[in-house]
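Undergrad: Sharing a structure here in structure tokens format.
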Protein chains: 4
Amino acid sequence: MSAEPFLPTPSTAPRFGVWLIGARGSVATTAIAGCAAVAAGLHPATGMVTETAPFTSCGLPSLSSLVFGGHDTLDCPLPKRAEHLAAGGVLPHGLPSAVHAELVAADREIRPGGPLPGAPAPTQEALIDAFASDIRDFVRRQDLAGAVVVNVASTEPAPTDDSLPPSSLYAAAALRAGCPYVNFTPSTGLHHPALAALAESSGLPYAGRDGKTGQTLLRSVLGPMFLQRALAVRAWSGTNLLGGGDGAALADPAAAAAKNAGKERVLVDTLGAAPEGEVHIDDVPALGDWKTAWDHIAFDGFLGARMVLQTTWQGCDSALAAPLVLDLARLAVRAHEKGLSGPLGELGFYFKDPVGSGPSSLAEQYAELRGFAGRLRDDGGVGDDASGAAERGTGR
Amino acid sequence: MSAEPFLPTPSTAPRFGVWLIGARGSVATTAIAGCAAVAAGLHPATGMVTETAPFTSCGLPSLSSLVFGGHDTLDCPLPKRAEHLAAGGVLPHGLPSAVHAELVAADREIRPGGPLPGAPAPTQEALIDAFASDIRDFVRRQDLAGAVVVNVASTEPAPTDDSLPPSSLYAAAALRAGCPYVNFTPSTGLHHPALAALAESSGLPYAGRDGKTGQTLLRSVLGPMFLQRALAVRAWSGTNLLGGGDGAALADPAAAAAKNAGKERVLVDTLGAAPEGEVHIDDVPALGDWKTAWDHIAFDGFLGARMVLQTTWQGCDSALAAPLVLDLARLAVRAHEKGLSGPLGELGFYFKDPVGSGPSSLAEQYAELRGFAGRLRDDGGVGDDASGAAERGTGR
Amino acid sequence: MSAEPFLPTPSTAPRFGVWLIGARGSVATTAIAGCAAVAAGLHPATGMVTETAPFTSCGLPSLSSLVFGGHDTLDCPLPKRAEHLAAGGVLPHGLPSAVHAELVAADREIRPGGPLPGAPAPTQEALIDAFASDIRDFVRRQDLAGAVVVNVASTEPAPTDDSLPPSSLYAAAALRAGCPYVNFTPSTGLHHPALAALAESSGLPYAGRDGKTGQTLLRSVLGPMFLQRALAVRAWSGTNLLGGGDGAALADPAAAAAKNAGKERVLVDTLGAAPEGEVHIDDVPALGDWKTAWDHIAFDGFLGARMVLQTTWQGCDSALAAPLVLDLARLAVRAHEKGLSGPLGELGFYFKDPVGSGPSSLAEQYAELRGFAGRLRDDGGVGDDASGAAERGTGR
Amino acid sequence: MSAEPFLPTPSTAPRFGVWLIGARGSVATTAIAGCAAVAAGLHPATGMVTETAPFTSCGLPSLSSLVFGGHDTLDCPLPKRAEHLAAGGVLPHGLPSAVHAELVAADREIRPGGPLPGAPAPTQEALIDAFASDIRDFVRRQDLAGAVVVNVASTEPAPTDDSLPPSSLYAAAALRAGCPYVNFTPSTGLHHPALAALAESSGLPYAGRDGKTGQTLLRSVLGPMFLQRALAVRAWSGTNLLGGGDGAALADPAAAAAKNAGKERVLVDTLGAAPEGEVHIDDVPALGDWKTAWDHIAFDGFLGARMVLQTTWQGCDSALAAPLVLDLARLAVRAHEKGLSGPLGELGFYFKDPVGSGPSSLAEQYAELRGFAGRLRDDGGVGDDASGAAERGTGR
């Protein structure tokens, strides 16, 4: 596979960078390996919304035009990480060797991030500068037509003071390097008051936060169902069991709190008020990269009849997240190309806790996403307007 | 409660009839008792979509303006039936006595239906005439401004020859009596080729069929979720456990076949093709009026990762159906008043196997229903058109 | 019912007291009402193990010979409490009035417990004395042949210092009054080091603790199944949703900790080591007296194949507990009569965290219980031995 | 692995044959590959009861002493079949190559079975003779100290006439070849009236039928729980989803009927009468070798409180069955060696529909199995008796 490139992209075709914060994690590895596999025709594009009909003429960068790099403090090389994922059933057996060349290429573009051990502690400002340089170097070295920064690192604890948490340093670096930013995690990222002015003035589009991959995805279709049928939800309880790095990270109550805030938002937004019930996130290493989410919804029907819906969702977190990461990278790159800026509220379809004030029901979010696809077309509404003034904000 | 009428309707306020086929069944009894209870302010209108905000200015008949009657071959009086339902937990304890007067009044308006025992077997034509007379007498006797016929009888076996099954005789009688018709069951009703011309020429609106109360309701929100997320559904299996009359009726394979056709339609319409998997309907008398539906959905994610969603829905069938029956009766009465005719495709929100060719996703069906609500307003789109031509058909 | 006593017990037949700590709670009310209902033949003895064949000749006191009283700090009268339970579906409608006389009689024998408000704070010793007097007065006033004290009060937080928690004061009072003691809750009761000598020297039998009514009951049959089949349990996770007083009490983390200790013990005892996984207890008031327990068990099969068992248990806590409370009261009364003393390890069948060192599998516990039944017979093993020395301890 | 035998068995150590009917199916392939893997120390013996402590001194043949062969009408070689199973996640990746030599060796000992195509149709008698010759040749060629025949072929339809179905021909051949016989399937096997005399006179031990691997295993611990707790089971409903060959075979209603008879027996035997409820077996090819069983148990508690237990079992059928097949082969070989004959009722632990009249609760069956282990010891009860009379029947 590496001897003969599977898609002989002419040297003149533009290529786009996807810079991943947490580039050696399960989600990043799955996204990089999967992008190569789908581009090579080894697998269908299951789970990638941007490969469905409504997105065919939106001018999105092709999968084969994406070039991966990123920051990570781990040093397990991507090919080895991919082997681990294949052993755990996340990646198909044989895939790591089939896309070995692409994994090696991406691995070469991963920078350590964080302050260097042994060196004097840099200021936050210096760290942002260093990260932004890494990104700019990547764009220059690879001769890219553009790049997007996507945070797929482990959830960090909710910050307790005013200093910028790491996710915010990387977010600031993205803007400083002139790149759109997507926060796929519940970490702070651009959601920090100290970054508000920078985000506003950057003229760059950004999206987030916290990818909606399982329990919350379900809630965003079930909540509206109860509402539309005028059924009274009394209590909505949930338990998530997950292994892998995510489970361990979320065993930290502060990290879990960040995650749960997003999970609860969908119910409050949909139902008008939070019903009774709690959400638990348990670290269960035996489950590996698989997660199970159980929801128990007690609701009242006509004349107070007590009813119950239970759901059990068993999925592979990385396989759920990776295609959405590729979707978002392509959409953000294209939005930037079309001159859009500010919070991309129309991408609420992808997030537990979306920027902007869009709808919380998945069906309405999907309608918004399709409208957004229209704006990305070269013949589409906003893009046609050369003035560029109105469309630079999504006007939410 | 009976001594002092709960809502002193002035004698001049118009009243509307709801003629129920299967008027002494669980669904009918719950609808009649519940209508009285909600009108009297004893219970909130949980489960009634027409009592939510989007329907406030649609000119729907008030709950206190509804007058009930119907056909049934059973002779257990409604007050006694209501006591049985209260003992089984379907109706709140105390409700049967609180609305005793209304149950007695409705019971007085129930006619036996079917050929009289001992009499010579009448022709189908004579039966239709007799049923239509019963309905017309009801309207005249009660001095009603209009009436709707709603089929809530037990599911009948799919017909095997050309003769009209009972549900079709009652449907024809509804039209002959000048009443809109709603088929809340999977039985044939107006779906018979021999009735097509009559339905067309009657100038009456009609809706159906098979109320969407549980498993199919869920499928109509989960199917679109998988589709919108580009996840590949491999198999969708389901088992329904239900007691009560419905369980016994559906233990007849022919009746179950009629029911299952509707259940499968939502998946085919949503997903484009029927996935693997079967649907079972089991009669479990121990469950009484409660039903449990288990669904198991095997789907593929990115790179073929195998995932599973399971749902368990535990509900009271009558309590799920009754508010929808009241919704449909009000909507059909009002549609008639507004001069609408033909199949009301915008009511697909309520049905497993809707007439017309509307969308199959609940969210889109809800949007259509809200659009329909707009058409019912006196200041609404269609109603504004004085020509009256356009609004006579729903134009599906 | 009250006019004509349902079972005209001759005045000479011995009667036995059941003194309930928490006598106005849901479990106590259900036990008292249910005992009367079953004794009167209004309901079968579902859930009462002592009414099954192996216990017919054990000399257990008849249900109609039981006289109820107890301590409670609440003052809602039993008949009213029973009405609440009937409204919530825990007791059958009509039962509170059918056994009204018995509820009134028991209510008359309930004493406030705890220090009197306004009075100077008594010493622990004085409280124990006062409680013991209440019990002795009950026995004398009712002319009882014996009495047992059963703790069914809300779970108290695990004690943090050396002072006796309330449950231990009541336990000490039971012994001081010469009564066997059963702790149906996870509270400390006799499990306090300061009471060890008293328990030993009292010559009274006692049993506990924490009635095994749902999730742990299941675990005590599923755990052995995995063990006997040599399947490797990797993780056992559980979530309990419960309303009612128990849910509120267990929302206190200290109380939940006491409860969870028992729940985990069965897994450790059965499987040899605690698998991964947590147990959550959520207070969900909307569920009323009903509880739902979800368990997720990840296990390995041959060659490491990963498999999962999930269970969902939906039960009414009071209805699960009450028949076991009646069982235990009868068994303890009879054990005392037969001269048994010390911890009744053979009653592990009933408890999450049994006294003694018996088996943890339900099947083995049931075998022990049947053996115990044999010892209670007048012609039985131990009882035959007039020396009385050996049988005064259960020899565990 | 093949170059250096993993366990250098001295040539003098006795070896034992395991002749599998359906030797190229999933269960057989997993058993053969797994036996080699566990013998070589590549995997722990998870799921093998005979590798647990109570069986250490029973004189069972070691795993490395087992030699495999069998009949199958398929001609896909075992190494290739193993690769398929590894691709489907049933066997660990890498295992087929690690045990390649053993798979090739076993494959060489597989005979076609059935009448040869093109040859004149043989009589049943001739077929039995031919099969018996195949088995005897295997024993002679491999110089085995004994052999057992185990039926792991696809379930055959329940026979409709008096002629012997294929499973009975193979069973008769086993006896004719002097081998103990184990029927791991619900097919007829030795359960045919025409074979009763042969079975009796053969002096050989036999066991069956229908391995208890999932839903029925659970039922055999849950049923006794309800019984022991005096809870009244009202309805027990179940749905099984399975792909693979088993799903396809059981899509034949006649085969499913054979299977279901066994599944229901455990409930009737445990609970005294069959509760309401049905059992469905659905063929869902998308599930591959994995199966899901959902059970819904409606039961009454004290005073008729309605409660529900639901279980969902997700397992790999071959991985559940294979270790039990190895267990049974070893136990039957040893039983034969010890001179036991007739139906081995003490092996009910392994079967849905066990021969003999043993207990139906798993716990009691396990106790019987341990007792049986004792009889297999050289110092054990039966074996001590040199007369040999008593131990020739299991005395059930």
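Lettering and numbering for the structure tokens are positional, with chains as A, B, ... in the shown order, residues counted from 1 in each chain, and ligands counted from 1 in the shown order.
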Could you list, with a cut-off of 7 Å and counting only C-alpha atoms, the residues of chain B near chain A, each shown with its nearest atom pair and the distance in Å rounded to one decimal, rows sorted by chain and ascending number, as JSON lines?

TA:
{"residue": "B:Gly34", "atom": "CA", "partner": "A:Leu303", "partner_atom": "CA", "distance": 6.7}
{"residue": "B:His43", "atom": "CA", "partner": "A:Leu303", "partner_atom": "CA", "distance": 6.0}
{"residue": "B:Ala45", "atom": "CA", "partner": "A:Phe302", "partner_atom": "CA", "distance": 6.9}
{"residue": "B:Thr46", "atom": "CA", "partner": "A:Phe302", "partner_atom": "CA", "distance": 5.0}
{"residue": "B:Gly47", "atom": "CA", "partner": "A:Ala230", "partner_atom": "CA", "distance": 4.6}
{"residue": "B:Met48", "atom": "CA", "partner": "A:Ala230", "partner_atom": "CA", "distance": 6.0}
{"residue": "B:Val49", "atom": "CA", "partner": "A:Ala230", "partner_atom": "CA", "distance": 5.6}
{"residue": "B:Val90", "atom": "CA", "partner": "A:Ala305", "partner_atom": "CA", "distance": 6.6}
{"residue": "B:Leu91", "atom": "CA", "partner": "A:Leu303", "partner_atom": "CA", "distance": 6.9}
{"residue": "B:Pro92", "atom": "CA", "partner": "A:Leu303", "partner_atom": "CA", "distance": 7.0}
{"residue": "B:Val221", "atom": "CA", "partner": "A:Val221", "partner_atom": "CA", "distance": 6.1}
{"residue": "B:Arg229", "atom": "CA", "partner": "A:Val49", "partner_atom": "CA", "distance": 5.8}
{"residue": "B:Ala230", "atom": "CA", "partner": "A:Gly47", "partner_atom": "CA", "distance": 4.6}
{"residue": "B:Leu231", "atom": "CA", "partner": "A:Gly47", "partner_atom": "CA", "distance": 4.9}
{"residue": "B:Ala232", "atom": "CA", "partner": "A:Thr46", "partner_atom": "CA", "distance": 6.5}
{"residue": "B:Gly301", "atom": "CA", "partner": "A:Gly47", "partner_atom": "CA", "distance": 5.6}
{"residue": "B:Phe302", "atom": "CA", "partner": "A:Thr46", "partner_atom": "CA", "distance": 5.0}
{"residue": "B:Leu303", "atom": "CA", "partner": "A:His43", "partner_atom": "CA", "distance": 6.0}
{"residue": "B:Ala305", "atom": "CA", "partner": "A:Ala319", "partner_atom": "CA", "distance": 6.6}
{"residue": "B:Met307", "atom": "CA", "partner": "A:Gly315", "partner_atom": "CA", "distance": 4.8}
{"residue": "B:Val308", "atom": "CA", "partner": "A:Gln314", "partner_atom": "CA", "distance": 5.2}
{"residue": "B:Leu309", "atom": "CA", "partner": "A:Trp313", "partner_atom": "CA", "distance": 4.6}
{"residue": "B:Gln310", "atom": "CA", "partner": "A:Thr312", "partner_atom": "CA", "distance": 5.1}
{"residue": "B:Thr311", "atom": "CA", "partner": "A:Thr311", "partner_atom": "CA", "distance": 4.4}
{"residue": "B:Thr312", "atom": "CA", "partner": "A:Gln310", "partner_atom": "CA", "distance": 5.1}
{"residue": "B:Trp313", "atom": "CA", "partner": "A:Leu309", "partner_atom": "CA", "distance": 4.6}
{"residue": "B:Gln314", "atom": "CA", "partner": "A:Val308", "partner_atom": "CA", "distance": 5.2}
{"residue": "B:Gly315", "atom": "CA", "partner": "A:Met307", "partner_atom": "CA", "distance": 4.9}
{"residue": "B:Ala319", "atom": "CA", "partner": "A:Phe302", "partner_atom": "CA", "distance": 5.1}
{"residue": "B:Leu320", "atom": "CA", "partner": "A:Gly301", "partner_atom": "CA", "distance": 6.4}
{"residue": "B:Pro323", "atom": "CA", "partner": "A:Phe302", "partner_atom": "CA", "distance": 6.5}
{"residue": "B:Ala363", "atom": "CA", "partner": "A:Ala363", "partner_atom": "CA", "distance": 6.0}

Undergrad: Which residues are close to B:Trp19, i.e. within 12 Å by only C-alpha atoms, leaving aside same-chain residues fewer than 3 positions away? Reply as a PyMOL selection string.

TA: chain B and resi 16+22-24+28+31-32+66-72+106-107+109-111+131-132+134-139+144+146-153+170-171+173-174+177+179-183+325-326+329+333

Undergrad: Find, counting only C-alpha atoms, the residue in C:Thr123, C:Asn240, C:Asn260, C:Thr12 that gets nearest to C:Asp210.

TA: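 Closest candidate: C:Asn260.
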
Undergrad: If you run DSSP over the backbone, which residues in stretch 119-342 of chain D end up alpha helix (DSSP H)? Put them as a ChimeraX atom specification.

TA: /D:124-141,166-176,196-202,215-228,244-250,253-271,317-337

Undergrad: For atom CA of D:Pro275 and atom CA of B:Asp252, quote the distance in Å rounded to one decimal.

TA: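 Separation between atom CA of D:Pro275 and atom CA of B:Asp252: 20.1 Å.
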
Undergrad: So how far away is atom CA of C:Leu204 from atom CA of C:Arg176, in Å?

TA: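 Between atom CA of C:Arg176 and atom CA of C:Leu204 the gap works out to 10.1 Å.
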
Undergrad: Suppose you want the space between atom CA of A:Ala274 and atom CA of B:Pro54; what is it in Å?

TA: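 Rounded to one decimal, the two atoms are 22.4 Å apart.
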
Undergrad: Just the residues within 7 Å of B:Val104, please, counting only C-alpha atoms, with nothing from its chain fewer than 3 positions along; format it as an MDAnalysis selection string.

TA: chainID B and resid 78:79 100:101 107:108

Undergrad: Could you give me the residues within stretch 49-212 of chain D that DSSP places in strand (DSSP E or B), as number ranges by chain?

TA: D: 66-71, 110-111, 146-151, 181-183, 205-208, 211

Undergrad: Of the candidates C:Ser360, C:Gly17, C:Ala256, C:Pro285, which shows the shortest atom-to-atom distance to C:Val268, using only C-alpha atoms?

TA: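 Ranking C:Ser360, C:Gly17, C:Ala256, C:Pro285 by distance to C:Val268, first place goes to C:Ser360.
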
Undergrad: Please identify all polymer residues within 12 Å of B:His192, counting only C-alpha atoms, omitting same-chain residues fewer than 6 positions from it, and present them as a CSV table (one decimal) with C-alpha atoms, in the first residue's frame.

TA:
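Result went into result-v1.csv, see below:
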chain,number,residue,atom,x,y,z
B,158,ALA,CA,-56.8,-9.4,7.4
B,159,PRO,CA,-59.6,-10.2,5.0
B,160,THR,CA,-59.2,-13.2,2.7
B,161,ASP,CA,-61.9,-12.5,0.1
B,162,ASP,CA,-63.6,-9.6,-1.6
B,163,SER,CA,-66.5,-9.2,0.9
B,164,LEU,CA,-66.3,-6.2,3.2
B,165,PRO,CA,-65.0,-7.0,6.7
B,166,PRO,CA,-66.9,-5.4,9.6
B,167,SER,CA,-64.5,-2.5,9.9
B,168,SER,CA,-65.3,-1.5,6.3
B,169,LEU,CA,-69.1,-1.7,6.9
B,171,ALA,CA,-66.5,3.0,7.7
B,172,ALA,CA,-69.0,3.1,4.9
B,198,LEU,CA,-67.3,6.2,-2.1
B,199,ALA,CA,-64.4,7.8,-0.1
